[in-house]
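Asker: Please read through the structure below; I'll follow up with questions.
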Amino acid sequence: MSDILRVTGLVKHFGGLAAVDGVSFAVEANQIFAIIGPNGAGKTTTLDLVSGLLTPTAGRIEVLGSDVSAATPAQRCHAGLGRAFQVVQPFPEMTLRENVLVGALFGTPGRTRADAERRADAALELSGLAALADVDAEDLTLMQEKRLEIARALATEPSVLLLDEVMAGLRPAEARDAVALVKRVRDSGVTIVFIEHVMPVVRDLADRVLVMDHGKVVVEGSYAEVTQDARVIEAYLGKEEVA
Amino acid sequence: MDTTLLVQALVSGVLAAGLYALVSVGLALAIGVIGIVNFAHGEFFMVGAFLAYQLFVTFGIDPVWSLFIVAPALFALGAIIYTSTIRFVLKAPELNQMLLTFGIGIILQNLALLIWGGDPRTIAGITYRGIGYQIGGVSIGLVPLASFVVSLVLVLGLYWMLARTPLGRAMRAVAQNRTGAALVGLEVNRVYLVAFALSALLAGIGGVMIAVIQSPTPVVGFAFTLKAFAIVVVAGLGNIRGILFAALFVAVAESLVATLVPNGDTLRNAVFFAIIFAVLIRRSWRTA
């Protein structure tokens with residue numbers, strides 16, 4: 001099977017609200033897969049369910065063919081899922097090297113110390129942070145924090161990397177750097193699923209685009225296909241404007 | 001003022017600081033890594049002391065050797081208490097957590113009263129307890145000196161473990177960002193379990209030492225919970241690295257008051273409360 005990540009009938013209720021309501025999609029190896037949609041569409045909840053921070057009400061999540069629906073976040077990490085957040089989650093009182101080393105040490109079980117250190121340095125290098133390796137994570141700029149978030153996830157050696165709005169809050173030049181970084185990561189053999197609001201970024205990066213609204217999938221297809229879909233235009237602009 | 005008396009008070013304070021640091025660093029570990037304020041911490045210390053006493057009475061095992069039995073036993077006790085109670089209140093309000101650990105402390109204390117009664121228990125006939133050295137009129141007992149050295153080695157060993165080893169990195173990662181740690185493959189609950197059990201182990205080792213230094217009763221733990229809290233507050237909640245100096249400060253303050261103030265020996269506990277109040281009030285000024 002070439003599907004690296006397969007999500008089937010995913011449902012999450014918060015009390016009476018169905019934040020995610022029957023979402024299914026499959027991501028092929030080495031794709032860059034975008035999830036877009038208006039605020040409150042359920043995109044981040046979907047990624048939280050996939051990475052195990054939330055427990056689904058119903059549905060099934062498979063990574064490389066194995067069912068991880070009931071696994072802990074750590075087990076899913078070991079199965080090949082990496083996650084980078086919109087709100088970065090660094091270890092503030094560690095250096096960048098240590099931050100990434102934690103990912104390298106614990107992201108893949110049974111790794112030797114020397115191997116983990118080599119991995120950590122490679123991830124820092126790929127993310128353009130090698131020069132800052134000995135700086136504490138709390139002293140970074142936003143762009144550097146986002147790079148660190150990606151570097152640490154990469155050090156766990158994921159098959160698929162989940163990125164939640166890594167461009168949010170970045171200046172245009174920084175966003176271009178971030179786009180280049182995402183491409184480099186994909187070229188290193190990692191499949192990417194990302195949430196994004198900035199449409200030009202989606203156009204530049206995405207092989208496939210999944211559009212969500214009110215917890216449901218509106219449509220899935222290429223960037224050109226989905227942006228011409230009447231339901232998508234309606235979801236983004238509202239009925240009045242379209243009519 | 002008599003300088004010999006002053007030097008003696010300082011030396012006694014410094015020697016006591018080792019044991020205080022050992023007990024406090026476990027408390028700080030539970031607060032810093034897990035975020036649990038453990039009011040039962042001193043009871044682990046007490047259980048360690050009475051296990052050493054019982055091992056001596058029943059099997060004639062010297063406390064030096066019972067260290068190697070008490071340490072794993074307390075690690076196991078900590079692991080059992082974490083698994084059966086603490087892990088269920090991790091997301092509960094802090095008041096619930098404190099009441100739970102306070103309750104665990106009361107249960108352990110009363111169990112000890114049932115088993116050993118309220119009288120002080122002495123490990124009799126240890127020859128090395130009487131050994132001491134005189135340096136310029138200042139006396140240094142072998143037991144306090146040894147307990148200082150062992151405690152210092154253990155505390156520095158913990159610092160090294162936290163700074164350098166994978167387990168230490170795991171503990172710091174979980175302490176600094178629980179979500180981030182889980183997503184890079186750390187089983188947060190397992191790291192918490194080890195941290196809590198280790199904290200009980202360190203307190204238990206301290207307990208073995210107090211069983212030799214004093215004749216403990218089942219309420220000895222509470223006194224040490226109080227001392228440890230004063231030290232943890234001086235170091236800053238959750239600050240593990242600051243414990244060594246905080247312990248030195250608190251222990252020397254206690255020793256000076258006990259020696260130099262008339263009737264000062266009765267004021268020992270007041271010293272800890274005074275330090276806690278003073279530090280907290282000063283901190284609130286700074287943030288106000």
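Residues are referred to by chain and number: the chain letter is A, B, ... according to the order shown in the structure tokens, the number counts from 1 in that chain, and ligands are numbered separately from 1 in the order shown.
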List every residue of region 15-228 of chain A that DSSP, applied to the backbone of this structure, assigns to strand (DSSP E or B), and report them as a compact mmCIF listing (two decimals) with N, CA and C atoms, in the first residue's frame.
Answerer:
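Contents of states07.txt, as written:
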# COMPACT_ATOMS: atom_id res chain seq x y z
N LEU A 17 -21.13 19.43 20.31
CA LEU A 17 -20.58 19.95 19.05
C LEU A 17 -19.75 18.89 18.35
N ALA A 18 -20.05 18.65 17.09
CA ALA A 18 -19.25 17.72 16.30
C ALA A 18 -18.14 18.53 15.63
N ALA A 19 -16.98 18.62 16.28
CA ALA A 19 -15.88 19.43 15.74
C ALA A 19 -15.31 18.77 14.49
N VAL A 20 -15.25 17.45 14.50
CA VAL A 20 -14.85 16.67 13.32
C VAL A 20 -15.95 15.63 13.12
N ASP A 21 -16.47 15.57 11.90
CA ASP A 21 -17.71 14.81 11.70
C ASP A 21 -17.60 13.92 10.46
N GLY A 22 -16.95 12.79 10.64
CA GLY A 22 -16.88 11.82 9.55
C GLY A 22 -15.84 12.16 8.48
N VAL A 23 -14.64 12.52 8.91
CA VAL A 23 -13.59 12.90 7.96
C VAL A 23 -12.79 11.67 7.52
N SER A 24 -12.61 11.51 6.22
CA SER A 24 -11.78 10.44 5.67
C SER A 24 -10.84 11.03 4.63
N PHE A 25 -9.60 10.60 4.68
CA PHE A 25 -8.67 10.95 3.60
C PHE A 25 -7.48 10.02 3.66
N ALA A 26 -6.72 9.97 2.56
CA ALA A 26 -5.53 9.13 2.52
C ALA A 26 -4.40 9.94 1.90
N VAL A 27 -3.20 9.80 2.46
CA VAL A 27 -2.05 10.55 1.96
C VAL A 27 -1.03 9.56 1.43
N GLU A 28 -0.61 9.77 0.18
CA GLU A 28 0.36 8.87 -0.43
C GLU A 28 1.78 9.27 -0.06
N ILE A 32 2.83 16.20 -0.67
CA ILE A 32 2.57 17.31 0.25
C ILE A 32 1.07 17.53 0.21
N PHE A 33 0.44 17.32 1.33
CA PHE A 33 -1.01 17.25 1.43
C PHE A 33 -1.49 18.40 2.30
N ALA A 34 -2.31 19.29 1.72
CA ALA A 34 -2.76 20.46 2.47
C ALA A 34 -4.17 20.25 3.01
N ILE A 35 -4.43 20.74 4.22
CA ILE A 35 -5.79 20.80 4.76
C ILE A 35 -6.12 22.27 4.94
N ILE A 36 -7.16 22.74 4.23
CA ILE A 36 -7.56 24.15 4.34
C ILE A 36 -9.03 24.22 4.74
N ALA A 58 -15.08 8.43 17.23
CA ALA A 58 -15.18 7.27 16.34
C ALA A 58 -14.17 7.46 15.22
N GLY A 59 -13.88 6.37 14.51
CA GLY A 59 -13.00 6.46 13.36
C GLY A 59 -11.70 5.71 13.56
N ARG A 60 -10.93 5.66 12.47
CA ARG A 60 -9.75 4.82 12.45
C ARG A 60 -8.59 5.60 11.83
N ILE A 61 -7.41 5.46 12.41
CA ILE A 61 -6.22 6.14 11.89
C ILE A 61 -5.14 5.10 11.67
N GLU A 62 -4.62 5.03 10.44
CA GLU A 62 -3.57 4.06 10.15
C GLU A 62 -2.32 4.78 9.66
N VAL A 63 -1.18 4.38 10.19
CA VAL A 63 0.11 4.89 9.74
C VAL A 63 0.88 3.72 9.14
N SER A 66 -0.57 0.28 9.77
CA SER A 66 -0.92 -0.25 11.09
C SER A 66 -1.85 0.72 11.82
N ASP A 67 -2.82 0.14 12.51
CA ASP A 67 -3.86 0.92 13.19
C ASP A 67 -3.29 1.55 14.46
N LEU A 81 4.83 9.14 13.01
CA LEU A 81 4.16 10.43 12.91
C LEU A 81 4.98 11.51 13.59
N GLY A 82 5.23 12.61 12.89
CA GLY A 82 5.87 13.76 13.51
C GLY A 82 4.90 14.92 13.51
N ARG A 83 5.03 15.85 14.48
CA ARG A 83 4.08 16.94 14.56
C ARG A 83 4.79 18.24 14.91
N ALA A 84 4.48 19.29 14.16
CA ALA A 84 4.96 20.62 14.52
C ALA A 84 3.74 21.52 14.70
N THR A 95 19.23 23.92 25.15
CA THR A 95 19.76 24.47 23.91
C THR A 95 19.03 23.83 22.73
N ASP A 136 19.92 28.81 23.83
CA ASP A 136 18.74 28.28 24.52
C ASP A 136 17.48 28.56 23.69
N VAL A 160 5.72 10.61 8.17
CA VAL A 160 4.84 11.70 7.78
C VAL A 160 4.91 12.79 8.85
N LEU A 161 5.03 14.03 8.38
CA LEU A 161 5.18 15.17 9.29
C LEU A 161 3.91 16.02 9.21
N LEU A 162 3.28 16.28 10.34
CA LEU A 162 2.08 17.11 10.40
C LEU A 162 2.47 18.52 10.80
N LEU A 163 2.19 19.47 9.94
CA LEU A 163 2.57 20.86 10.20
C LEU A 163 1.31 21.70 10.37
N ASP A 164 1.21 22.39 11.50
CA ASP A 164 0.01 23.21 11.76
C ASP A 164 0.37 24.68 11.58
N THR A 191 6.86 12.52 4.00
CA THR A 191 5.54 12.94 3.52
C THR A 191 5.03 14.05 4.43
N ILE A 192 4.31 15.03 3.85
CA ILE A 192 3.91 16.18 4.65
C ILE A 192 2.41 16.43 4.58
N VAL A 193 1.81 16.60 5.74
CA VAL A 193 0.41 17.04 5.83
C VAL A 193 0.44 18.39 6.52
N PHE A 194 -0.09 19.43 5.89
CA PHE A 194 -0.04 20.73 6.55
C PHE A 194 -1.36 21.49 6.48
N ILE A 195 -1.60 22.26 7.55
CA ILE A 195 -2.74 23.16 7.61
C ILE A 195 -2.23 24.54 7.24
N ARG A 208 -1.93 17.74 -3.11
CA ARG A 208 -3.36 17.49 -2.92
C ARG A 208 -3.86 18.48 -1.89
N VAL A 209 -5.15 18.85 -2.02
CA VAL A 209 -5.74 19.78 -1.07
C VAL A 209 -7.07 19.20 -0.58
N LEU A 210 -7.22 19.16 0.75
CA LEU A 210 -8.47 18.73 1.37
C LEU A 210 -9.12 19.97 1.96
N VAL A 211 -10.37 20.24 1.58
CA VAL A 211 -11.06 21.40 2.11
C VAL A 211 -12.07 20.95 3.15
N MET A 212 -12.00 21.55 4.34
CA MET A 212 -12.94 21.21 5.42
C MET A 212 -13.81 22.41 5.76
N ASP A 213 -15.03 22.13 6.21
CA ASP A 213 -15.91 23.16 6.74
C ASP A 213 -16.89 22.51 7.71
N LYS A 216 -16.62 18.77 8.39
CA LYS A 216 -16.79 17.78 7.31
C LYS A 216 -15.84 18.09 6.15
N VAL A 217 -15.57 17.06 5.34
CA VAL A 217 -14.80 17.28 4.13
C VAL A 217 -15.72 17.88 3.07
N VAL A 218 -15.32 19.03 2.49
CA VAL A 218 -16.12 19.64 1.42
C VAL A 218 -15.71 19.00 0.10
N VAL A 219 -14.41 18.96 -0.15
CA VAL A 219 -13.93 18.40 -1.41
C VAL A 219 -12.43 18.10 -1.26
N GLU A 220 -11.93 17.20 -2.05
CA GLU A 220 -10.50 16.92 -2.08
C GLU A 220 -10.05 16.87 -3.52
N GLY A 221 -8.89 17.44 -3.84
CA GLY A 221 -8.40 17.41 -5.21
C GLY A 221 -7.13 18.22 -5.34
Asker: I'd like the neighbourhood of Ile240 (chain B) as a PDB file with N, CA and C atoms, in the first residue's frame, where a residue qualifies if any of its atoms comes within 12 Å (using only C-alpha atoms), though same-chain residues fewer than 2 positions away should be ignored.
Answerer:
ATOM      1  N   ALA B  21      19.527  18.688  51.953  1.00  0.00           N
ATOM      2  CA  ALA B  21      19.504  18.813  50.487  1.00  0.00           C
ATOM      3  C   ALA B  21      19.003  17.523  49.857  1.00  0.00           C
ATOM      4  N   LEU B  22      19.450  16.390  50.411  1.00  0.00           N
ATOM      5  CA  LEU B  22      19.050  15.093  49.865  1.00  0.00           C
ATOM      6  C   LEU B  22      17.534  14.916  49.920  1.00  0.00           C
ATOM      7  N   VAL B  23      16.953  15.286  51.071  1.00  0.00           N
ATOM      8  CA  VAL B  23      15.500  15.128  51.216  1.00  0.00           C
ATOM      9  C   VAL B  23      14.765  16.148  50.338  1.00  0.00           C
ATOM     10  N   SER B  24      15.276  17.380  50.309  1.00  0.00           N
ATOM     11  CA  SER B  24      14.587  18.444  49.566  1.00  0.00           C
ATOM     12  C   SER B  24      14.657  18.236  48.059  1.00  0.00           C
ATOM     13  N   VAL B  25      15.758  17.661  47.596  1.00  0.00           N
ATOM     14  CA  VAL B  25      15.925  17.544  46.151  1.00  0.00           C
ATOM     15  C   VAL B  25      14.889  16.571  45.581  1.00  0.00           C
ATOM     16  N   GLY B  26      14.492  15.589  46.393  1.00  0.00           N
ATOM     17  CA  GLY B  26      13.432  14.675  45.968  1.00  0.00           C
ATOM     18  C   GLY B  26      12.103  15.395  45.866  1.00  0.00           C
ATOM     19  N   LEU B  27      11.830  16.241  46.858  1.00  0.00           N
ATOM     20  CA  LEU B  27      10.597  17.032  46.832  1.00  0.00           C
ATOM     21  C   LEU B  27      10.584  17.957  45.621  1.00  0.00           C
ATOM     22  N   ALA B  28      11.732  18.589  45.359  1.00  0.00           N
ATOM     23  CA  ALA B  28      11.832  19.502  44.212  1.00  0.00           C
ATOM     24  C   ALA B  28      11.675  18.741  42.889  1.00  0.00           C
ATOM     25  N   LEU B  29      12.154  17.510  42.866  1.00  0.00           N
ATOM     26  CA  LEU B  29      12.029  16.687  41.652  1.00  0.00           C
ATOM     27  C   LEU B  29      10.549  16.428  41.350  1.00  0.00           C
ATOM     28  N   ALA B  30       9.785  16.082  42.382  1.00  0.00           N
ATOM     29  CA  ALA B  30       8.351  15.816  42.190  1.00  0.00           C
ATOM     30  C   ALA B  30       7.622  17.087  41.755  1.00  0.00           C
ATOM     31  N   ILE B  31       8.000  18.226  42.347  1.00  0.00           N
ATOM     32  CA  ILE B  31       7.345  19.484  41.982  1.00  0.00           C
ATOM     33  C   ILE B  31       7.786  19.916  40.588  1.00  0.00           C
ATOM     34  N   GLY B  32       9.099  19.839  40.330  1.00  0.00           N
ATOM     35  CA  GLY B  32       9.641  20.350  39.071  1.00  0.00           C
ATOM     36  C   GLY B  32       9.255  19.508  37.875  1.00  0.00           C
ATOM     37  N   VAL B  33       9.314  18.198  38.009  1.00  0.00           N
ATOM     38  CA  VAL B  33       9.065  17.332  36.853  1.00  0.00           C
ATOM     39  C   VAL B  33       7.584  17.033  36.698  1.00  0.00           C
ATOM     40  N   VAL B 155      23.204  13.992  45.667  1.00  0.00           N
ATOM     41  CA  VAL B 155      22.590  15.183  45.072  1.00  0.00           C
ATOM     42  C   VAL B 155      23.343  15.575  43.805  1.00  0.00           C
ATOM     43  N   LEU B 156      24.675  15.570  43.874  1.00  0.00           N
ATOM     44  CA  LEU B 156      25.463  15.915  42.684  1.00  0.00           C
ATOM     45  C   LEU B 156      25.252  14.863  41.594  1.00  0.00           C
ATOM     46  N   LEU B 158      22.506  13.231  41.103  1.00  0.00           N
ATOM     47  CA  LEU B 158      21.206  13.543  40.492  1.00  0.00           C
ATOM     48  C   LEU B 158      21.348  14.691  39.494  1.00  0.00           C
ATOM     49  N   TYR B 159      22.126  15.718  39.881  1.00  0.00           N
ATOM     50  CA  TYR B 159      22.346  16.848  38.975  1.00  0.00           C
ATOM     51  C   TYR B 159      23.003  16.364  37.679  1.00  0.00           C
ATOM     52  N   TRP B 160      23.982  15.491  37.843  1.00  0.00           N
ATOM     53  CA  TRP B 160      24.667  14.963  36.663  1.00  0.00           C
ATOM     54  C   TRP B 160      23.686  14.162  35.799  1.00  0.00           C
ATOM     55  N   LEU B 162      20.462  14.455  35.570  1.00  0.00           N
ATOM     56  CA  LEU B 162      19.520  15.341  34.891  1.00  0.00           C
ATOM     57  C   LEU B 162      20.176  16.052  33.708  1.00  0.00           C
ATOM     58  N   ALA B 163      21.448  16.406  33.882  1.00  0.00           N
ATOM     59  CA  ALA B 163      22.111  17.197  32.847  1.00  0.00           C
ATOM     60  C   ALA B 163      22.561  16.356  31.657  1.00  0.00           C
ATOM     61  N   MET B 171      13.370  13.661  31.702  1.00  0.00           N
ATOM     62  CA  MET B 171      12.715  14.333  32.828  1.00  0.00           C
ATOM     63  C   MET B 171      12.627  15.832  32.596  1.00  0.00           C
ATOM     64  N   ARG B 172      13.724  16.409  32.105  1.00  0.00           N
ATOM     65  CA  ARG B 172      13.692  17.858  31.862  1.00  0.00           C
ATOM     66  C   ARG B 172      12.726  18.205  30.748  1.00  0.00           C
ATOM     67  N   ALA B 175       9.271  18.040  32.050  1.00  0.00           N
ATOM     68  CA  ALA B 175       9.041  19.149  32.970  1.00  0.00           C
ATOM     69  C   ALA B 175       8.805  20.449  32.208  1.00  0.00           C
ATOM     70  N   SER B 199      12.213  10.146  43.683  1.00  0.00           N
ATOM     71  CA  SER B 199      12.076  11.119  44.761  1.00  0.00           C
ATOM     72  C   SER B 199      11.861  10.399  46.095  1.00  0.00           C
ATOM     73  N   ILE B 231      13.303  24.791  52.240  1.00  0.00           N
ATOM     74  CA  ILE B 231      14.421  24.786  51.301  1.00  0.00           C
ATOM     75  C   ILE B 231      13.939  24.940  49.860  1.00  0.00           C
ATOM     76  N   VAL B 232      12.864  24.220  49.533  1.00  0.00           N
ATOM     77  CA  VAL B 232      12.318  24.303  48.177  1.00  0.00           C
ATOM     78  C   VAL B 232      11.814  25.715  47.886  1.00  0.00           C
ATOM     79  N   VAL B 233      11.225  26.353  48.893  1.00  0.00           N
ATOM     80  CA  VAL B 233      10.724  27.720  48.707  1.00  0.00           C
ATOM     81  C   VAL B 233      11.890  28.692  48.512  1.00  0.00           C
ATOM     82  N   VAL B 234      12.957  28.524  49.302  1.00  0.00           N
ATOM     83  CA  VAL B 234      14.123  29.405  49.146  1.00  0.00           C
ATOM     84  C   VAL B 234      14.729  29.232  47.748  1.00  0.00           C
ATOM     85  N   ALA B 235      14.817  27.972  47.280  1.00  0.00           N
ATOM     86  CA  ALA B 235      15.414  27.705  45.966  1.00  0.00           C
ATOM     87  C   ALA B 235      14.510  28.184  44.836  1.00  0.00           C
ATOM     88  N   GLY B 236      13.222  28.315  45.111  1.00  0.00           N
ATOM     89  CA  GLY B 236      12.246  28.636  44.063  1.00  0.00           C
ATOM     90  C   GLY B 236      11.572  27.335  43.653  1.00  0.00           C
ATOM     91  N   LEU B 237      10.237  27.322  43.674  1.00  0.00           N
ATOM     92  CA  LEU B 237       9.489  26.084  43.410  1.00  0.00           C
ATOM     93  C   LEU B 237       9.939  25.422  42.117  1.00  0.00           C
ATOM     94  N   GLY B 238      10.305  24.151  42.218  1.00  0.00           N
ATOM     95  CA  GLY B 238      10.664  23.421  41.010  1.00  0.00           C
ATOM     96  C   GLY B 238      12.099  23.631  40.566  1.00  0.00           C
ATOM     97  N   GLY B 242      18.976  24.824  42.494  1.00  0.00           N
ATOM     98  CA  GLY B 242      19.190  25.761  43.591  1.00  0.00           C
ATOM     99  C   GLY B 242      19.129  25.120  44.966  1.00  0.00           C
ATOM    100  N   ILE B 243      18.748  23.838  45.019  1.00  0.00           N
ATOM    101  CA  ILE B 243      18.497  23.176  46.301  1.00  0.00           C
ATOM    102  C   ILE B 243      19.731  23.138  47.191  1.00  0.00           C
ATOM    103  N   LEU B 244      20.888  22.875  46.608  1.00  0.00           N
ATOM    104  CA  LEU B 244      22.093  22.690  47.402  1.00  0.00           C
ATOM    105  C   LEU B 244      22.401  23.948  48.227  1.00  0.00           C
ATOM    106  N   PHE B 245      22.329  25.106  47.577  1.00  0.00           N
ATOM    107  CA  PHE B 245      22.638  26.346  48.282  1.00  0.00           C
ATOM    108  C   PHE B 245      21.518  26.731  49.233  1.00  0.00           C
ATOM    109  N   ALA B 246      20.291  26.457  48.833  1.00  0.00           N
ATOM    110  CA  ALA B 246      19.162  26.756  49.715  1.00  0.00           C
ATOM    111  C   ALA B 246      19.258  25.920  50.984  1.00  0.00           C
ATOM    112  N   ALA B 247      19.647  24.646  50.832  1.00  0.00           N
ATOM    113  CA  ALA B 247      19.772  23.754  51.990  1.00  0.00           C
ATOM    114  C   ALA B 247      20.856  24.266  52.921  1.00  0.00           C
TER     115      ALA B 247
END
Asker: Pick out the chain B residues within 7 Å of chain A. Count only C-alpha atoms. Give them as a PyMOL selection string.
Answerer: chain B and resi 169+173+176-177+180+182-187
Asker: Please produce a file of the residues just selected, as a CSV table (one decimal), in the first residue's frame, where the atoms kept are N, CA and C atoms.
Answerer:
chain,number,residue,atom,x,y,z
B,169,ARG,N,17.4,13.9,30.5
B,169,ARG,CA,16.9,14.7,29.4
B,169,ARG,C,15.4,14.5,29.3
B,173,ALA,N,12.7,17.4,29.7
B,173,ALA,CA,11.8,17.6,28.6
B,173,ALA,C,10.4,17.6,29.0
B,176,GLN,N,9.5,20.6,31.1
B,176,GLN,CA,9.5,21.9,30.4
B,176,GLN,C,8.3,22.0,29.4
B,177,ASN,N,7.9,20.9,28.9
B,177,ASN,CA,6.8,20.9,27.9
B,177,ASN,C,6.3,19.5,27.7
B,180,GLY,N,5.0,18.8,24.1
B,180,GLY,CA,6.1,18.6,23.2
B,180,GLY,C,6.9,17.3,23.4
B,182,ALA,N,5.6,14.4,24.7
B,182,ALA,CA,4.8,13.3,24.2
B,182,ALA,C,4.9,13.1,22.7
B,183,LEU,N,5.0,14.3,22.0
B,183,LEU,CA,5.0,14.2,20.5
B,183,LEU,C,6.3,13.8,19.9
B,184,VAL,N,7.4,13.9,20.7
B,184,VAL,CA,8.6,13.4,20.2
B,184,VAL,C,9.0,12.0,20.8
B,185,GLY,N,7.9,11.3,21.3
B,185,GLY,CA,8.1,9.9,21.6
B,185,GLY,C,8.3,9.5,23.0
B,186,LEU,N,8.1,10.5,23.9
B,186,LEU,CA,8.3,10.2,25.4
B,186,LEU,C,7.0,9.8,26.0
B,187,GLU,N,6.9,8.6,26.7
B,187,GLU,CA,5.8,8.2,27.4
B,187,GLU,C,5.8,9.0,28.7
Asker: How would you write, as a VMD selection string, the set of residues in region 26-81 of chain B that DSSP gives as helix (DSSP H, G or I)?
Answerer: chain B and resid 26 to 34 41 to 59 63 to 81
Asker: Can you write just those residues out, C-alpha atoms, as a CSV table (one decimal), in the first residue's frame?
Answerer:
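Printed below is out.csv as written:
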chain,number,residue,atom,x,y,z
B,26,GLY,CA,13.4,14.7,46.0
B,27,LEU,CA,10.6,17.0,46.8
B,28,ALA,CA,11.8,19.5,44.2
B,29,LEU,CA,12.0,16.7,41.7
B,30,ALA,CA,8.4,15.8,42.2
B,31,ILE,CA,7.3,19.5,42.0
B,32,GLY,CA,9.6,20.3,39.1
B,33,VAL,CA,9.1,17.3,36.9
B,34,ILE,CA,5.5,16.2,37.7
B,41,HIS,CA,7.4,13.3,51.0
B,42,GLY,CA,8.7,13.4,54.6
B,43,GLU,CA,6.8,10.1,55.2
B,44,PHE,CA,9.0,8.4,52.7
B,45,PHE,CA,11.9,9.6,54.8
B,46,MET,CA,10.2,8.2,57.9
B,47,VAL,CA,9.5,4.9,56.3
B,48,GLY,CA,13.1,4.7,55.3
B,49,ALA,CA,14.2,5.3,58.9
B,50,PHE,CA,11.9,2.7,60.3
B,51,LEU,CA,12.8,0.1,57.7
B,52,ALA,CA,16.4,0.6,58.7
B,53,TYR,CA,15.5,0.2,62.3
B,54,GLN,CA,13.5,-3.0,61.6
B,55,LEU,CA,16.2,-4.5,59.4
B,56,PHE,CA,18.6,-4.0,62.3
B,57,VAL,CA,16.3,-5.4,65.0
B,58,THR,CA,15.1,-8.4,63.0
B,59,PHE,CA,18.2,-9.4,61.0
B,63,PRO,CA,22.3,0.6,58.5
B,64,VAL,CA,25.2,1.1,56.1
B,65,TRP,CA,24.1,-2.1,54.4
B,66,SER,CA,20.4,-1.5,54.8
B,67,LEU,CA,20.8,1.5,52.5
B,68,PHE,CA,21.0,-1.0,49.6
B,69,ILE,CA,17.7,-2.6,50.7
B,70,VAL,CA,15.8,0.5,51.7
B,71,ALA,CA,16.6,2.4,48.5
B,72,PRO,CA,15.0,-0.1,46.1
B,73,ALA,CA,12.1,-0.7,48.6
B,74,LEU,CA,11.3,3.0,48.7
B,75,PHE,CA,11.6,3.2,44.9
B,76,ALA,CA,9.0,0.5,44.7
B,77,LEU,CA,6.8,2.2,47.4
B,78,GLY,CA,7.0,5.4,45.4
B,79,ALA,CA,6.1,3.6,42.2
B,80,ILE,CA,3.1,1.9,43.8
B,81,ILE,CA,1.8,5.2,45.3
Asker: Find, counting only C-alpha atoms, the residue in A:Thr55, A:Thr45, A:Thr112, A:Ser127 that gets nearest to Ala180 (chain A).
Answerer: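 Result for the nearest residue to Ala180 (chain A): A:Ser127.
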Asker: Just the residues within 8 Å of Leu205 (chain A), please, counting only C-alpha atoms, with nothing from its chain fewer than 3 positions along; format it as an mmCIF file with N, CA and C atoms, in the first residue's frame.
Answerer:
data_model
loop_
_atom_site.group_PDB
_atom_site.id
_atom_site.type_symbol
_atom_site.label_atom_id
_atom_site.label_comp_id
_atom_site.auth_asym_id
_atom_site.auth_seq_id
_atom_site.Cartn_x
_atom_site.Cartn_y
_atom_site.Cartn_z
ATOM 1 N N ILE A 32 2.834 16.203 -0.667
ATOM 2 C CA ILE A 32 2.575 17.307 0.248
ATOM 3 C C ILE A 32 1.072 17.529 0.209
ATOM 4 N N VAL A 179 8.671 27.970 3.094
ATOM 5 C CA VAL A 179 8.213 27.152 1.959
ATOM 6 C C VAL A 179 9.381 26.317 1.426
ATOM 7 N N LYS A 183 9.829 22.166 1.341
ATOM 8 C CA LYS A 183 10.204 21.405 0.140
ATOM 9 C C LYS A 183 11.442 20.554 0.388
ATOM 10 N N VAL A 201 0.763 29.990 -0.529
ATOM 11 C CA VAL A 201 1.625 28.942 0.018
ATOM 12 C C VAL A 201 1.059 27.575 -0.337
ATOM 13 N N VAL A 202 -0.262 27.441 -0.211
ATOM 14 C CA VAL A 202 -0.915 26.178 -0.563
ATOM 15 C C VAL A 202 -0.677 25.879 -2.049
#
Asker: Determine, counting only C-alpha atoms, which protein, DNA and RNA residues have an atom within 10 Å of an atom of region 128-133 of chain A; residues of the same chain fewer than 5 positions away are not included. Present the result as a VMD selection string.
Answerer: chain A and resid 95 to 100 120 to 123 140 144 to 145 147 to 148 151 177 181
Asker: Write out the residues from the selection above, keeping C-alpha atoms, as a PDB file, in the first residue's frame.
Answerer:
ATOM      1  CA  THR A  95      19.764  24.469  23.910  1.00  0.00           C
ATOM      2  CA  LEU A  96      18.580  23.852  20.367  1.00  0.00           C
ATOM      3  CA  ARG A  97      20.882  20.854  20.107  1.00  0.00           C
ATOM      4  CA  GLU A  98      19.383  19.367  23.269  1.00  0.00           C
ATOM      5  CA  ASN A  99      15.830  20.060  22.091  1.00  0.00           C
ATOM      6  CA  VAL A 100      16.461  18.191  18.883  1.00  0.00           C
ATOM      7  CA  ALA A 120      20.093  15.654  15.743  1.00  0.00           C
ATOM      8  CA  ASP A 121      22.905  17.493  13.973  1.00  0.00           C
ATOM      9  CA  ALA A 122      21.536  16.485  10.566  1.00  0.00           C
ATOM     10  CA  ALA A 123      18.071  17.794  11.499  1.00  0.00           C
ATOM     11  CA  LEU A 140      14.741  32.448  19.566  1.00  0.00           C
ATOM     12  CA  GLN A 144      13.664  30.250  14.458  1.00  0.00           C
ATOM     13  CA  GLU A 145      11.162  28.700  16.863  1.00  0.00           C
ATOM     14  CA  ARG A 147      12.362  25.915  12.397  1.00  0.00           C
ATOM     15  CA  LEU A 148      13.212  24.319  15.734  1.00  0.00           C
ATOM     16  CA  ALA A 151      13.907  20.158  13.304  1.00  0.00           C
ATOM     17  CA  ASP A 177      12.201  30.519   3.537  1.00  0.00           C
ATOM     18  CA  LEU A 181      12.290  24.378   4.065  1.00  0.00           C
TER      19      LEU A 181
END
Asker: Which residues, written as a PyMOL selection string, have at least one atom at most 10 Å from Val143 (chain B), with only C-alpha atoms counted and residues fewer than 4 positions away on the same chain left out?
Answerer: chain B and resi 15+128-132+147-149+209-210+212-213
